[in-house]
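Participant: Take this structure, written in structure tokens, and hold onto it; I'll ask about it next.
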Amino acid sequence: MSYKLGILDQSPIFPGTSASDALQQTIKLARHAEEWGYTRFWVSEHHHAEKLAGSSPEVLVSYLLAQTKSIRVGSGGVMLQHYSPYKVAENFHVLSNLSPGRVDLGIGKAPGGLPLSTKALQFGTVNDGKDFEERLSFLRKIIENSINDNHPLSGIQATPLPSKKPKMFLLGASADSARLAANLGIAYVFARFINSNETVFEDAVRIYRSIYPTGSFKVSVSVIAAPSQQEAEQLAGDQRIVKVHLQSGRSVTVQTLVQAELFGKQSGESYEIEEQDSNIIAGTPSYVKEVLTNLHEKYGVDEFILHTPVVKEGERFRSFQLLSPLQLALPGEKNFVSQN
């Protein structure tokens, strides 16, 4: 058995650099990820974020496809609550025509920003974020060109139809999202770097596998690799996951306590802030590989999407290089990182 490795890049803006610098680093990392044997390279969607340059994944994906030759490139993910499923399908059908067989369409339920940016994204529309399941189901039907005759939009197609459809993924951090992905018959990626609760993770795996046993279950993890265990742990520091729990029952994950306070205030609701262990896998390449292999064997994870939250540019780049699938796939091992 084997598992694959991919990369999630949020295009971080490092201290003393610009958004333009951050995007150039993303391009550089994508090119090297291809050389290092990673399976896929995903970019994220964050709005009104001072420290992240990735606000429009579909635009960035198009450029990265043109800068690479074989690695799969995609969104991690498109925040569907803001957009027309039809337009999302059109965007990714164009991309799939430009680079057949290399396009991933990862869909996220989160807003990707604070309430003010959500309000701006949905300004002038009737979006309220409450019809996500319906939007996702409709998007899947458009991608598969399978809208039935009884649908109000029967006959619609998201042209240009590609010879190879984009691969769909649902990104989530709960058992409910795992159930939704399984019921729709699409691949699921559990964001362990957002929700490190072991019980929730185990429930998500169990539910997805019970409903869709042949489906693809992937996990996005926070990973920091360094030449020594001590350096890796120092780079990981005391990073925490910050969650905002709103009175309405909705919970969101943000990067800092300052953002949490802003989110709570902008929401117009009563709220509580919770800090959790970030659950970063930090260590030497062999240590990281051992942890991932154990997760693979215990839960049947078929791929890990690596997120590396290091504020030092060089050390972050080195971490991905040290975890190169071509380096970790040592011959003769029972369990190894797949290069395919």
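Here's how to read the names in the structure tokens: chain A, B, ... by the order shown, residue numbers from 1 in each chain, ligand numbers from 1 in the order shown.
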DSSP on the backbone, then: every residue of range 144-208 of chain A marked strand (DSSP E or B), written as a count of residues only.

Facilitator: 11

Participant: Please identify all polymer residues within 8 Å of Ala204 in chain A, counting only C-alpha atoms, omitting same-chain residues fewer than 3 positions from it, and present them as a short mmCIF file (atom, residue, chain, number, x, y, z; two decimals) with C-alpha atoms, in the first residue's frame.

Facilitator:
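Full text of result27.cif as output:
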```cif
data_model
loop_
_atom_site.label_atom_id
_atom_site.label_comp_id
_atom_site.auth_asym_id
_atom_site.auth_seq_id
_atom_site.Cartn_x
_atom_site.Cartn_y
_atom_site.Cartn_z
CA SER A 174 -16.51 17.96 10.48
CA ALA A 175 -18.42 14.70 10.32
CA ASP A 176 -21.30 16.53 8.62
CA SER A 177 -19.15 17.64 5.71
CA ALA A 178 -17.74 14.11 5.39
CA ARG A 179 -21.30 12.79 5.20
CA PHE A 190 -10.46 16.64 6.15
CA VAL A 200 -14.33 14.56 15.14
CA PHE A 201 -11.67 13.25 12.78
CA ILE A 207 -19.03 8.12 8.29
CA TYR A 208 -17.36 8.72 4.93
#
```

Participant: Would you mind telling me which residue in A:Lys243, A:Lys69, A:His93, A:His32 lies nearest to Leu161 in chain A when using only C-alpha atoms?

Facilitator: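 Under the stated criterion, the closest residue is A:His93.
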
Participant: Find, counting only C-alpha atoms, the residue in A:Leu257, A:Leu153, A:Val43, A:Leu171 that gets nearest to Ser75 in chain A.

Facilitator: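 With only C-alpha atoms as the atom set, the closest residue is A:Val43.
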
Participant: I'd like to know which residues of range 35-201 of chain A are helix (DSSP H, G or I) (by DSSP, run on the backbone); could you write them as number ranges by chain?

Facilitator: A: 35-36, 57-67, 80-82, 85-98, 115-121, 132-144, 175-184, 198-201

Participant: Write out the residues from the selection above, keeping C-alpha atoms, as an mmCIF file, in the first residue's frame.

Facilitator:
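Contents of again-v3.cif, freshly written:
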```
data_model
loop_
_atom_site.group_PDB
_atom_site.id
_atom_site.type_symbol
_atom_site.label_atom_id
_atom_site.label_comp_id
_atom_site.auth_asym_id
_atom_site.auth_seq_id
_atom_site.Cartn_x
_atom_site.Cartn_y
_atom_site.Cartn_z
ATOM 1 C CA GLU A 35 10.262 18.311 -9.627
ATOM 2 C CA TRP A 36 10.100 16.833 -6.114
ATOM 3 C CA PRO A 57 -7.577 30.651 -6.599
ATOM 4 C CA GLU A 58 -9.062 30.211 -10.086
ATOM 5 C CA VAL A 59 -6.864 33.029 -11.429
ATOM 6 C CA LEU A 60 -3.756 31.730 -9.703
ATOM 7 C CA VAL A 61 -4.469 28.152 -10.798
ATOM 8 C CA SER A 62 -4.529 29.229 -14.447
ATOM 9 C CA TYR A 63 -1.104 30.837 -14.144
ATOM 10 C CA LEU A 64 0.374 27.871 -12.264
ATOM 11 C CA LEU A 65 -0.896 25.442 -14.885
ATOM 12 C CA ALA A 66 0.951 27.464 -17.505
ATOM 13 C CA GLN A 67 4.121 27.397 -15.402
ATOM 14 C CA LEU A 80 -18.900 28.260 -2.931
ATOM 15 C CA GLN A 81 -21.266 30.162 -0.646
ATOM 16 C CA HIS A 82 -20.236 33.380 -2.407
ATOM 17 C CA PRO A 85 -22.102 27.170 -9.144
ATOM 18 C CA TYR A 86 -22.590 27.637 -12.878
ATOM 19 C CA LYS A 87 -19.843 30.251 -13.106
ATOM 20 C CA VAL A 88 -17.500 28.112 -10.995
ATOM 21 C CA ALA A 89 -18.093 25.238 -13.422
ATOM 22 C CA GLU A 90 -17.398 27.479 -16.411
ATOM 23 C CA ASN A 91 -14.125 28.675 -14.858
ATOM 24 C CA PHE A 92 -12.876 25.167 -14.202
ATOM 25 C CA HIS A 93 -14.061 23.834 -17.537
ATOM 26 C CA VAL A 94 -11.961 26.499 -19.246
ATOM 27 C CA LEU A 95 -8.996 25.485 -17.081
ATOM 28 C CA SER A 96 -9.594 21.808 -17.881
ATOM 29 C CA ASN A 97 -9.599 22.565 -21.595
ATOM 30 C CA LEU A 98 -6.327 24.435 -21.224
ATOM 31 C CA PRO A 115 -17.946 39.088 8.012
ATOM 32 C CA LEU A 116 -17.102 42.398 6.313
ATOM 33 C CA SER A 117 -15.445 40.657 3.347
ATOM 34 C CA THR A 118 -18.311 38.165 3.188
ATOM 35 C CA LYS A 119 -20.742 41.071 3.008
ATOM 36 C CA ALA A 120 -18.667 42.601 0.207
ATOM 37 C CA LEU A 121 -18.539 39.327 -1.757
ATOM 38 C CA PHE A 132 -24.405 25.332 0.511
ATOM 39 C CA GLU A 133 -25.538 21.726 0.133
ATOM 40 C CA GLU A 134 -27.888 22.672 -2.705
ATOM 41 C CA ARG A 135 -25.129 24.683 -4.406
ATOM 42 C CA LEU A 136 -22.637 21.833 -4.145
ATOM 43 C CA SER A 137 -25.117 19.303 -5.495
ATOM 44 C CA PHE A 138 -25.935 21.586 -8.427
ATOM 45 C CA LEU A 139 -22.242 22.191 -9.139
ATOM 46 C CA ARG A 140 -21.602 18.448 -9.239
ATOM 47 C CA LYS A 141 -24.449 17.967 -11.720
ATOM 48 C CA ILE A 142 -23.127 20.767 -13.932
ATOM 49 C CA ILE A 143 -19.608 19.311 -13.911
ATOM 50 C CA GLU A 144 -20.974 15.872 -14.762
ATOM 51 C CA ALA A 175 -18.415 14.703 10.316
ATOM 52 C CA ASP A 176 -21.304 16.533 8.625
ATOM 53 C CA SER A 177 -19.150 17.641 5.709
ATOM 54 C CA ALA A 178 -17.739 14.114 5.386
ATOM 55 C CA ARG A 179 -21.301 12.787 5.203
ATOM 56 C CA LEU A 180 -22.221 15.344 2.538
ATOM 57 C CA ALA A 181 -19.227 14.413 0.376
ATOM 58 C CA ALA A 182 -19.990 10.709 0.728
ATOM 59 C CA ASN A 183 -23.664 11.158 -0.136
ATOM 60 C CA LEU A 184 -22.718 13.109 -3.259
ATOM 61 C CA GLU A 198 -9.395 13.416 17.281
ATOM 62 C CA THR A 199 -12.989 12.352 17.942
ATOM 63 C CA VAL A 200 -14.335 14.558 15.144
ATOM 64 C CA PHE A 201 -11.675 13.255 12.782
#
```

Participant: Quick check, in Å to one decimal: how far apart do CA of Gln259 in chain A and CA of His245 in chain A lie?

Facilitator: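 Distance reported for this atom pair: 13.0 Å.
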
Participant: Using only C-alpha atoms, find the one residue out of A:Ser99, A:Thr17, A:Ser163, A:Thr253 that sits nearest to Pro111 in chain A.

Facilitator: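 Ranked by minimum distance to Pro111 in chain A, first place goes to A:Thr253.
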
Participant: With distances taken over only C-alpha atoms, which residue among A:Thr293, A:Ser216, A:Ser20, A:Thr26 lies nearest Lys167 in chain A?

Facilitator: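 The answer is A:Ser216, which sits nearest to Lys167 in chain A.
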
Participant: Please provide as number ranges by chain all residues within 10 Å of Val254 in chain A, with the sequence filter that same-chain residues fewer than 5 positions apart are discarded (counting only C-alpha atoms).

Facilitator: A: 112-114, 194, 241-244, 259-261, 263

Participant: What does the distance between CA of Ile71 in chain A and CA of Asp302 in chain A come to in Å, to one decimal place?

Facilitator: 17.2 Å

Participant: With only C-alpha atoms as the basis for distance, which of A:Leu323, A:Val78, A:Val301, A:Leu105 is at the shortest distance from His47 in chain A?

Facilitator: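 Looking at the shortest contact to His47 in chain A, the residue is A:Val78.
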